[in-house]
Structure formats: structure tokens, C-alpha cells
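K.L.:
Just one file: target-v2.tsv, with TSV, C-alpha atoms.
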chain	number	residue	atom	x	y	z
A	13	MET	CA	80.93	18.44	-20.79
A	14	LYS	CA	78.47	16.45	-18.68
A	15	ARG	CA	74.71	16.80	-19.14
A	16	ASP	CA	72.02	16.33	-16.50
A	17	LEU	CA	68.28	15.72	-16.64
A	18	ILE	CA	66.70	17.84	-13.92
A	19	THR	CA	63.80	19.30	-15.90
A	20	LEU	CA	62.68	18.99	-19.51
A	21	LEU	CA	62.75	22.79	-19.69
A	22	ASP	CA	66.48	22.31	-20.35
A	23	TYR	CA	65.85	20.11	-23.39
A	24	SER	CA	64.86	21.20	-26.88
A	25	SER	CA	61.90	19.77	-28.78
A	26	ALA	CA	64.31	17.91	-31.06
A	27	GLU	CA	66.15	16.41	-28.09
A	28	ILE	CA	62.92	15.21	-26.48
A	29	LEU	CA	61.71	13.65	-29.72
A	30	GLY	CA	65.14	12.09	-30.16
A	31	LEU	CA	64.83	10.45	-26.73
A	32	ILE	CA	61.38	9.12	-27.65
A	33	ASP	CA	62.72	7.73	-30.93
A	34	SER	CA	65.51	6.02	-29.00
A	35	ALA	CA	63.03	4.63	-26.47
A	36	ASP	CA	60.94	3.20	-29.32
A	37	ARG	CA	63.98	1.45	-30.78
A	38	LEU	CA	64.91	0.03	-27.39
A	39	LYS	CA	61.37	-1.21	-26.86
A	40	LYS	CA	61.51	-3.17	-30.11
A	41	GLN	CA	64.61	-4.89	-28.72
A	42	LYS	CA	62.87	-5.66	-25.42
A	43	GLY	CA	64.72	-8.29	-23.43
A	44	LYS	CA	67.83	-8.08	-25.60
A	45	LEU	CA	70.92	-7.23	-23.59
A	46	ARG	CA	73.11	-4.40	-24.85
A	47	ILE	CA	76.56	-3.16	-23.85
A	48	GLY	CA	75.93	0.59	-23.81
A	49	LEU	CA	76.78	0.80	-20.10
A	50	LYS	CA	79.26	-2.07	-19.96
A	51	GLY	CA	81.81	-1.45	-17.23
A	52	LYS	CA	79.85	1.49	-15.84
A	53	SER	CA	78.06	1.91	-12.52
A	54	VAL	CA	74.97	3.98	-11.66
A	55	ALA	CA	73.98	5.01	-8.13
A	56	LEU	CA	70.29	5.29	-7.22
A	57	VAL	CA	70.08	7.80	-4.38
A	58	PHE	CA	66.49	7.57	-3.11
A	59	GLN	CA	65.00	9.62	-0.27
A	60	LYS	CA	61.52	8.25	-1.07
A	61	PRO	CA	60.24	4.69	-1.59
A	62	SER	CA	59.44	3.58	-5.12
A	63	ASN	CA	58.05	0.74	-7.23
A	64	ARG	CA	58.16	1.65	-10.92
A	65	THR	CA	61.04	4.13	-10.70
A	66	ARG	CA	63.42	1.88	-8.83
A	67	VAL	CA	62.61	-1.33	-10.69
A	68	SER	CA	62.63	0.25	-14.15
A	69	PHE	CA	65.99	1.93	-13.54
A	70	GLU	CA	67.58	-1.19	-12.03
A	71	VAL	CA	66.34	-3.43	-14.84
A	72	GLY	CA	67.24	-0.86	-17.49
A	73	ILE	CA	70.79	-0.47	-16.19
A	74	TYR	CA	71.19	-4.27	-16.15
A	75	GLU	CA	69.84	-4.60	-19.70
A	76	LEU	CA	72.36	-1.98	-20.84
A	77	GLY	CA	75.21	-3.96	-19.32
A	78	GLY	CA	75.80	-1.66	-16.35
A	79	HIS	CA	75.93	-2.12	-12.58
A	80	CYS	CA	73.38	-0.51	-10.25
A	81	LEU	CA	73.77	0.45	-6.59
A	82	TYR	CA	70.66	1.32	-4.59
A	83	LEU	CA	71.30	3.82	-1.80
A	84	GLY	CA	68.21	4.42	0.31
A	85	PRO	CA	67.69	7.01	3.06
A	86	ASP	CA	69.37	4.74	5.61
A	87	GLU	CA	72.62	4.94	3.61
A	88	ILE	CA	72.46	8.51	2.34
A	89	ASN	CA	70.23	11.26	3.67
A	90	LEU	CA	71.16	14.27	1.54
A	91	GLY	CA	72.04	17.35	3.55
A	92	LYS	CA	71.44	15.64	6.90
A	93	ARG	CA	73.68	12.64	7.49
A	94	GLU	CA	76.17	14.13	5.04
A	95	SER	CA	76.25	17.34	3.03
A	96	THR	CA	74.94	17.19	-0.52
A	97	TYR	CA	78.27	18.62	-1.71
A	98	ASP	CA	80.22	15.79	-0.06
A	99	VAL	CA	77.82	13.15	-1.43
A	100	ALA	CA	78.11	14.55	-4.96
A	101	LYS	CA	81.91	14.72	-4.89
A	102	THR	CA	82.32	11.29	-3.31
A	103	LEU	CA	79.91	9.43	-5.59
A	104	SER	CA	81.48	11.12	-8.62
A	105	ARG	CA	84.71	9.26	-7.78
A	106	TYR	CA	82.91	5.90	-7.77
A	107	VAL	CA	80.10	5.91	-10.34
A	108	HIS	CA	79.37	7.16	-13.86
A	109	CYS	CA	75.86	8.52	-13.17
A	110	ILE	CA	73.63	9.43	-10.23
A	111	VAL	CA	69.85	8.89	-10.33
A	112	ALA	CA	68.20	10.75	-7.45
A	113	ARG	CA	64.65	10.62	-6.09
A	114	VAL	CA	64.30	13.43	-3.56
A	115	PHE	CA	61.71	15.47	-1.67
A	116	ASP	CA	62.97	18.94	-2.57
A	117	ASN	CA	64.05	20.27	-5.96
A	118	LYS	CA	66.86	22.26	-4.37
A	119	ASP	CA	68.52	18.99	-3.32
A	120	ILE	CA	68.70	17.62	-6.86
A	121	VAL	CA	69.82	20.98	-8.23
A	122	GLU	CA	72.63	21.13	-5.67
A	123	LEU	CA	73.56	17.51	-6.32
A	124	ALA	CA	73.83	18.18	-10.06
A	125	ARG	CA	75.79	21.41	-9.48
A	126	HIS	CA	78.53	19.65	-7.56
A	127	ALA	CA	78.58	16.20	-9.19
A	128	ASP	CA	81.17	15.53	-11.87
A	129	VAL	CA	78.94	12.88	-13.46
A	130	PRO	CA	75.44	13.16	-14.99
A	131	VAL	CA	72.54	13.47	-12.54
A	132	ILE	CA	69.04	12.26	-13.46
A	133	ASN	CA	65.96	13.51	-11.63
A	134	ALA	CA	63.89	10.47	-10.71
A	135	LEU	CA	61.33	12.74	-8.99
A	136	CYS	CA	61.33	15.83	-6.82
A	137	ASN	CA	58.58	18.11	-5.55
A	138	LEU	CA	58.58	20.18	-8.78
A	139	TYR	CA	59.38	17.75	-11.59
A	140	HIS	CA	59.14	14.14	-12.75
A	141	PRO	CA	60.79	14.24	-16.20
A	142	CYS	CA	61.28	10.49	-16.62
A	143	GLN	CA	57.55	9.91	-16.17
A	144	ALA	CA	56.75	12.59	-18.75
A	145	LEU	CA	59.06	11.03	-21.35
A	146	ALA	CA	57.37	7.66	-20.91
A	147	ASP	CA	53.97	9.36	-21.17
A	148	ILE	CA	54.84	11.07	-24.45
A	149	GLN	CA	56.14	7.78	-25.81
A	150	THR	CA	52.85	6.10	-24.85
A	151	ILE	CA	50.73	8.83	-26.43
A	152	ARG	CA	52.63	8.61	-29.73
A	153	GLU	CA	52.31	4.81	-29.73
A	154	ARG	CA	48.55	5.09	-29.46
A	155	PHE	CA	47.88	7.94	-31.88
A	156	GLY	CA	50.84	7.72	-34.25
A	157	LYS	CA	51.44	11.45	-33.80
A	158	LEU	CA	51.77	14.17	-31.18
A	159	LYS	CA	51.14	17.57	-32.76
A	160	GLY	CA	47.56	18.75	-32.57
A	161	LEU	CA	46.41	16.32	-29.89
A	162	THR	CA	44.75	17.60	-26.71
A	163	LEU	CA	45.62	16.34	-23.22
A	164	SER	CA	43.33	17.04	-20.29
A	165	TYR	CA	44.78	16.77	-16.80
A	166	VAL	CA	42.21	16.70	-13.99
A	167	GLY	CA	43.36	16.96	-10.39
A	168	ASP	CA	46.35	18.34	-8.51
A	169	GLY	CA	48.83	20.63	-10.30
A	170	ASN	CA	51.81	18.73	-8.97
A	171	ASN	CA	55.27	17.61	-10.12
A	172	VAL	CA	53.82	15.06	-12.54
A	173	PHE	CA	51.67	17.70	-14.19
A	174	HIS	CA	54.55	20.18	-14.39
A	175	SER	CA	56.78	17.80	-16.36
A	176	LEU	CA	53.91	16.52	-18.49
A	177	MET	CA	52.87	20.08	-19.36
A	178	ILE	CA	56.45	20.97	-20.32
A	179	ALA	CA	56.83	17.84	-22.46
A	180	CYS	CA	53.51	18.46	-24.24
A	181	ALA	CA	54.47	22.07	-24.92
A	182	LYS	CA	57.76	20.92	-26.44
A	183	VAL	CA	56.13	18.40	-28.81
A	184	GLY	CA	52.99	20.32	-29.85
A	185	ILE	CA	50.24	18.83	-27.65
A	186	HIS	CA	47.53	21.19	-26.36
A	187	VAL	CA	47.13	21.02	-22.57
A	188	ARG	CA	44.06	21.74	-20.45
A	189	PHE	CA	44.27	21.64	-16.67
A	190	ALA	CA	41.33	21.53	-14.27
A	191	GLY	CA	41.77	21.50	-10.51
A	192	PRO	CA	40.22	23.06	-7.40
A	193	LYS	CA	41.22	26.47	-6.09
A	194	GLY	CA	44.55	26.36	-4.31
A	195	TYR	CA	45.78	23.28	-6.14
A	196	GLY	CA	46.87	24.76	-9.43
A	197	PRO	CA	50.34	24.34	-10.95
A	198	ASN	CA	53.32	26.57	-10.20
A	199	ALA	CA	52.71	29.85	-12.06
A	200	GLY	CA	56.37	30.30	-12.99
A	201	ILE	CA	56.59	26.83	-14.51
A	202	VAL	CA	53.35	27.45	-16.44
A	203	ASP	CA	54.82	30.65	-17.89
A	204	GLN	CA	57.97	28.81	-19.00
A	205	ALA	CA	55.92	26.02	-20.56
A	206	ARG	CA	53.77	28.54	-22.42
A	207	GLU	CA	56.89	30.01	-24.02
A	208	SER	CA	57.63	26.59	-25.47
A	209	ALA	CA	53.99	26.07	-26.43
A	210	LYS	CA	53.99	29.26	-28.53
A	211	LYS	CA	56.99	28.02	-30.48
A	212	ASN	CA	55.26	24.71	-31.18
A	213	ASN	CA	51.80	26.07	-32.05
A	214	CYS	CA	49.97	24.63	-29.07
A	215	THR	CA	48.23	26.08	-26.03
A	216	ILE	CA	48.10	25.63	-22.26
A	217	ALA	CA	44.82	26.42	-20.49
A	218	ILE	CA	44.60	26.46	-16.69
A	219	GLY	CA	41.10	26.33	-15.20
A	220	ARG	CA	38.81	24.66	-12.68
A	221	ASP	CA	36.04	23.05	-14.74
A	222	PRO	CA	36.78	19.38	-15.48
A	223	LYS	CA	33.87	19.11	-17.90
A	224	GLU	CA	35.30	21.88	-20.07
A	225	ALA	CA	38.79	20.45	-19.79
A	226	VAL	CA	37.88	16.99	-21.13
A	227	LYS	CA	35.73	18.13	-24.07
A	228	GLY	CA	37.14	16.44	-27.15
A	229	ALA	CA	40.34	15.47	-25.32
A	230	HIS	CA	42.45	12.70	-26.81
A	231	VAL	CA	44.19	12.03	-23.48
A	232	ILE	CA	42.69	12.23	-20.00
A	233	TYR	CA	45.29	12.14	-17.23
A	234	SER	CA	44.91	11.84	-13.48
A	235	ASP	CA	47.14	11.45	-10.45
A	236	VAL	CA	46.47	10.84	-6.76
A	237	TRP	CA	44.87	13.63	-4.76
A	238	VAL	CA	47.05	12.80	-1.76
A	239	SER	CA	50.72	12.35	-2.64
A	240	MET	CA	53.49	10.85	-0.52
A	241	GLY	CA	54.15	13.10	2.47
A	242	GLN	CA	50.66	14.67	2.36
A	243	GLU	CA	48.87	11.98	4.37
A	244	LYS	CA	47.89	14.43	7.12
A	245	GLU	CA	45.88	16.38	4.51
A	246	THR	CA	43.89	13.34	3.33
A	247	ALA	CA	40.44	14.29	4.66
A	248	LYS	CA	40.83	17.92	3.57
A	249	ARG	CA	41.99	17.01	0.08
A	250	ILE	CA	39.28	14.41	-0.51
A	251	LYS	CA	36.69	17.04	0.36
A	252	GLU	CA	38.22	19.77	-1.82
A	253	PHE	CA	38.75	17.49	-4.83
A	254	LYS	CA	35.15	16.35	-4.87
A	255	GLY	CA	33.89	16.74	-8.43
A	256	TYR	CA	37.31	16.05	-9.99
A	257	GLN	CA	37.00	12.29	-10.21
A	258	ILE	CA	37.52	10.66	-13.62
A	259	ASN	CA	34.36	8.61	-14.07
A	260	GLN	CA	32.07	7.34	-16.82
A	261	GLU	CA	29.94	10.49	-16.80
A	262	LEU	CA	32.91	12.85	-17.18
A	263	VAL	CA	34.61	10.97	-20.03
A	264	LYS	CA	31.47	11.06	-22.18
A	265	LYS	CA	32.65	14.48	-23.34
A	266	ALA	CA	36.09	13.22	-24.44
A	267	HIS	CA	37.17	12.16	-27.93
A	268	LYS	CA	35.64	8.78	-28.78
A	269	ASP	CA	39.10	7.18	-29.02
A	270	TYR	CA	40.52	8.87	-25.91
A	271	ILE	CA	43.07	7.14	-23.69
A	272	PHE	CA	43.18	7.30	-19.91
A	273	MET	CA	46.57	7.76	-18.25
A	274	HIS	CA	47.77	7.62	-14.65
A	275	CYS	CA	51.36	7.61	-13.40
A	276	LEU	CA	50.50	5.20	-10.56
A	277	PRO	CA	50.14	4.31	-7.77
A	278	ALA	CA	46.42	5.01	-7.98
A	279	HIS	CA	43.75	5.36	-5.31
A	280	ARG	CA	40.91	3.57	-7.06
A	281	GLY	CA	37.55	5.05	-6.19
A	282	LEU	CA	39.01	8.46	-5.41
A	283	GLU	CA	40.63	10.25	-8.38
A	284	VAL	CA	39.40	7.58	-10.82
A	285	THR	CA	36.76	4.86	-10.80
A	286	GLU	CA	37.68	1.22	-11.37
A	287	GLU	CA	35.62	1.04	-14.56
A	288	ILE	CA	37.81	3.75	-16.09
A	289	ILE	CA	41.23	2.66	-14.87
A	290	ASP	CA	40.52	-0.96	-15.82
A	291	GLY	CA	38.53	-0.12	-18.94
A	292	LYS	CA	39.37	-0.44	-22.63
A	293	HIS	CA	40.64	3.15	-22.89
A	294	SER	CA	43.19	2.75	-20.08
A	295	VAL	CA	46.89	2.58	-20.99
A	296	ILE	CA	48.31	2.74	-17.48
A	297	PHE	CA	50.46	-0.38	-17.81
A	298	ASP	CA	51.82	0.71	-21.19
A	299	GLN	CA	52.94	3.87	-19.40
A	300	ALA	CA	54.51	1.84	-16.63
A	301	GLU	CA	56.42	-0.34	-19.10
A	302	ASN	CA	57.61	2.66	-21.09
A	303	ARG	CA	59.36	4.02	-18.01
A	304	LEU	CA	61.91	1.28	-18.64
A	305	HIS	CA	62.49	2.16	-22.28
A	306	ALA	CA	62.48	5.94	-21.86
A	307	GLN	CA	64.95	5.78	-18.99
A	308	LYS	CA	67.27	3.50	-20.93
A	309	ALA	CA	67.23	6.13	-23.69
A	310	VAL	CA	68.16	8.84	-21.17
A	311	LEU	CA	70.98	6.76	-19.71
A	312	LEU	CA	72.45	6.05	-23.14
A	313	LYS	CA	72.31	9.75	-24.03
A	314	LEU	CA	73.84	11.07	-20.82
A	315	VAL	CA	76.32	8.44	-19.76
A	316	ASN	CA	78.01	7.80	-23.11
In C-alpha cells, write the structure found in this file.

P.N.:
Amino acid sequence: MKRDLITLLDYSSAEILGLIDSADRLKKQKGKLRIGLKGKSVALVFQKPSNRTRVSFEVGIYELGGHCLYLGPDEINLGKRESTYDVAKTLSRYVHCIVARVFDNKDIVELARHADVPVINALCNLYHPCQALADIQTIRERFGKLKGLTLSYVGDGNNVFHSLMIACAKVGIHVRFAGPKGYGPNAGIVDQARESAKKNNCTIAIGRDPKEAVKGAHVIYSDVWVSMGQEKETAKRIKEFKGYQINQELVKKAHKDYIFMHCLPAHRGLEVTEEIIDGKHSVIFDQAENRLHAQKAVLLKLVN
């Protein structure tokens, strides 16, 4: 029976840790070609432009011995140029896996429902599971453990935060969120994450005070205030997110060995100052690299 990766809510703590273990092993073999996907093809169906997601998947598929086909919005526009059902059924006859980067969660859910091959969520409006897996891998690399750590996320309660919160809840990391009124995470997803957090003896706190959120935090995480497709809200968002910038004054309250994380791309000078994102505590490029290893682990698990 085929398995998809739409949200980490569908994966157990053991499965998530197993993927991280696999990603670590693959990282140690960096640059070494494998044959895990030999003779297999993977379609990248992207409605949105990408740097890290596209490149890391294409390189990862190559390094696993597979063949990658990039299908941008000009080739496939799910539900518009062609129905999602028809796309799913057609691609299933050609490829062994579909990696989709879409605007709306319902599109990836429908794609997975009708596809006869595994579907991997490379980002939608609600989730970004591949990013979260790479983030957890990076955190464990730096601290040598996961349980008992505290992650503080300051900014917009978006898709990146949703998946990161779920992943932390599954592996025992305490989560504190701070964002302005009206920009909190999806309440239903928070409730589901808290169910996992209870099982793993950790907590999820949702608030508005960034100073309280970062107190003693081992990980400080930020994302852009204006995401792709929200450009018309730029002036409004910059005004409403004032006070939520990660800067030298704010991080004074964090753990002395804290790490700064950002999924990139970043708007330097807005959500984070240059001295933080380029400073000694920043691990943003370790995160970016680990997208490659984490996604290779997912492909090996789902396609074989």
C-alpha cells in the first residue's frame, strides 16, 4: 500500500526519528551516488517558484540514481488547465512518485487521494513537512538531543510554523510561539499538535510577547513576514509585525548557546537583523543543506 507525506501529523514519533536517522546516514555519505531510485522517475509538480526545494529534490533524486522531471505551472496548472484527478491518474502511469509544491492544501490532498504513487508535499498553505524534517535534523546535530529543548518561533503562524510545531511535538521539543494579533497559527492544527506534545512530555505555548517566548530558548526561529502571494499586504504586515524582529536585544534573553534558524528566503532588516542571521549562532545554511538529506530519506522510505 502506498504512503504519502502530506503532513507530519500522519507520522509517528518513531517514524520521524527514523527519517532523521536515515538523513544523518545519507549526510555522512554526501556526494556518494546510490542506486535506491535506479530506474525510477519522480515528477516535480510546482505551482510556485522555488530555490532550495527544487534544487534539493532534483539533486537528491540524481544522487539516488533516479530521474527527475520538473513540471512548472506552464506545463501543469492543477485544477485549471487540467483536473487534479486527471493529472494524478496520468502521472501515476508514468512516474514512481509525485512531489508537489502548491498554493492550497486541498490540491495536494486531492492529488494524493487519486494518485496511485506516493505524493510528497513540498509546500502548501498549511504545511511544509520537508522543511520541518531538515530543521529537526539540524537541531539534533547542534545539541546532540531533542527531548527537553525549547524552540521559540517569533513571527507569522504560517505553514512553516505548523509543520515545525508538529515535528517538535512528536520528538519532545517544547514550543513557544509569539506573533501579533491576527497572525497566530491555525487553532485546529495547534490542538492536534498538543495531543502529540502530551504524549511526548512537551508543551506548546501560543502568545504574543516575543521577550517571554525567547527566554532561555535553545532555538530561535523566524520566517518572512510577507510570504509569496501576500505582496499586496506588505505595508500592512510590516507595520503590524513591528516589535517581532529578531535582533541583538531580543536574543539576550535566550540560552547562551542558542541557535538561530530561518527557512529562507529571508528579508534581512525586517524579520531579522544581519548581525543575527550572519552571526555565530546562525545555522541557516546547515538547514538549507539538510533539506537535501532529509528529502532523500523521505524518497527512500516512500518510493521503495

K.L.:
Quick one: everything within 9 Å of segment 197-207 of chain A, counting all atoms listed in the file, minus sequence neighbours fewer than 6 positions away in the same chain. Send it as a list of chain:residue names.

P.N.:
A:Leu21, A:Leu138, A:Asp168, A:Gly169, A:Asn170, A:Asn171, A:Phe173, A:His174, A:Met177, A:Ile178, A:Ala179, A:Cys180, A:Ala181, A:Lys182, A:Phe189, A:Cys214, A:Thr215, A:Ile216, A:Ile218

K.L.:
Please list as a list in words every residue within 7 Å of Lys14 of chain A, counting all atoms listed in the file and excluding residues in the same chain fewer than 2 positions away.

P.N.:
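Once the nearby chain positions are removed, what remains is Asp16, Val129 and Pro130 of chain A.
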
K.L.:
Just to be explicit: take each residue in the selection above, keep C-alpha atoms, and write the result as a tab-separated table (two decimals), in the coordinates of the input.

P.N.:
chain	number	residue	atom	x	y	z
A	16	ASP	CA	72.02	16.33	-16.50
A	129	VAL	CA	78.94	12.88	-13.46
A	130	PRO	CA	75.44	13.16	-14.99

K.L.:
Just to confirm, what's the straight-line distance from atom CA of Ile110 of chain A to atom CA of Leu56 of chain A in Å (one decimal)?

P.N.:
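These atoms are spaced 6.1 Å apart.
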
K.L.:
Between A:Val295, A:Ile88, A:Ala190, A:Val71, which has the minimum distance to Lys308 of chain A (counting all atoms listed in the file)?

P.N.:
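So, comparing all the options, the nearest one is A:Val71.
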
K.L.:
Determine, using all atoms listed in the file, which residues of segment 141-229 of chain A have any atom at most 9 Å from an atom of segment 33-49 of chain A, and tabulate each with its shortest atom pair and distance in Å to one decimal place, rows ordered by chain and then rising number, as a Markdown table.

P.N.:
| residue | atom | partner | partner_atom | distance |
| --- | --- | --- | --- | --- |
| A:Ala146 | CA | A:Ala35 | CA | 8.5 |
| A:Gln149 | CA | A:Asp36 | CA | 7.5 |
| A:Glu153 | CA | A:Asp36 | CA | 8.8 |

K.L.:
When distances are computed from all atoms listed in the file, which of A:Val315, A:Val187, A:Ala217, A:Leu282 shows the smallest separation from Lys52 of chain A?

P.N.:
A:Val315

K.L.:
Check the smallest atom-to-atom distance from each of A:Val183, A:Gly255, A:Arg154, A:Ala278 to His293 of chain A using only C-alpha atoms, then report the winner.

P.N.:
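Nearest candidate to His293 of chain A out of A:Val183, A:Gly255, A:Arg154, A:Ala278: A:Arg154.
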
K.L.:
Any idea what the distance is between atom CA of Glu301 of chain A and atom CA of Ile271 of chain A?

P.N.:
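Computing it gives 16.0 Å between the two atoms.
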
K.L.:
Enter the distance from atom CA of Thr162 of chain A to atom CA of Ile185 of chain A, in Å, rounded to one decimal.

P.N.:
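Straight-line distance from atom CA of Thr162 of chain A to atom CA of Ile185 of chain A works out to 5.7 Å.
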
K.L.:
Could you tell me which of A:Asn302, A:Thr246, A:Thr150, A:Thr65 comes closest to Ala112 of chain A if we count all atoms listed in the file?

P.N.:
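Result for the nearest residue to Ala112 of chain A: A:Thr65.
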
K.L.:
Under the rule that all atoms listed in the file are counted, which of A:Leu83, A:Ala229, A:Ile289, A:Ile28 is the nearest residue to Cys142 of chain A?

P.N.:
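Result for the nearest residue to Cys142 of chain A: A:Ile28.
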
K.L.:
Mind running segment 228-266 of chain A against segment 114-117 of chain A at 12 Å and telling me each contacting residue's nearest atom pair with the distance in Å (one decimal), counting all atoms listed in the file, chain and number ascending, as CSV?

P.N.:
residue,atom,partner,partner_atom,distance
A:Ser239,CA,A:Phe115,CA,11.5
A:Met240,CA,A:Phe115,CA,9.5
A:Gly241,CA,A:Phe115,CA,8.9
A:Gln242,CA,A:Phe115,CA,11.8

K.L.:
Enclose segment 219-229 of chain A, meaning all of its atoms listed in the file, in a box aligned along x, y and z, pad it by 8 Å on each side, and list the centre and edge lengths in Å to one decimal, as lines of an AutoDock Vina configuration file.

P.N.:
center_x = 37.5
center_y = 20.9
center_z = -19.9
size_x = 23.2
size_y = 26.9
size_z = 30.5
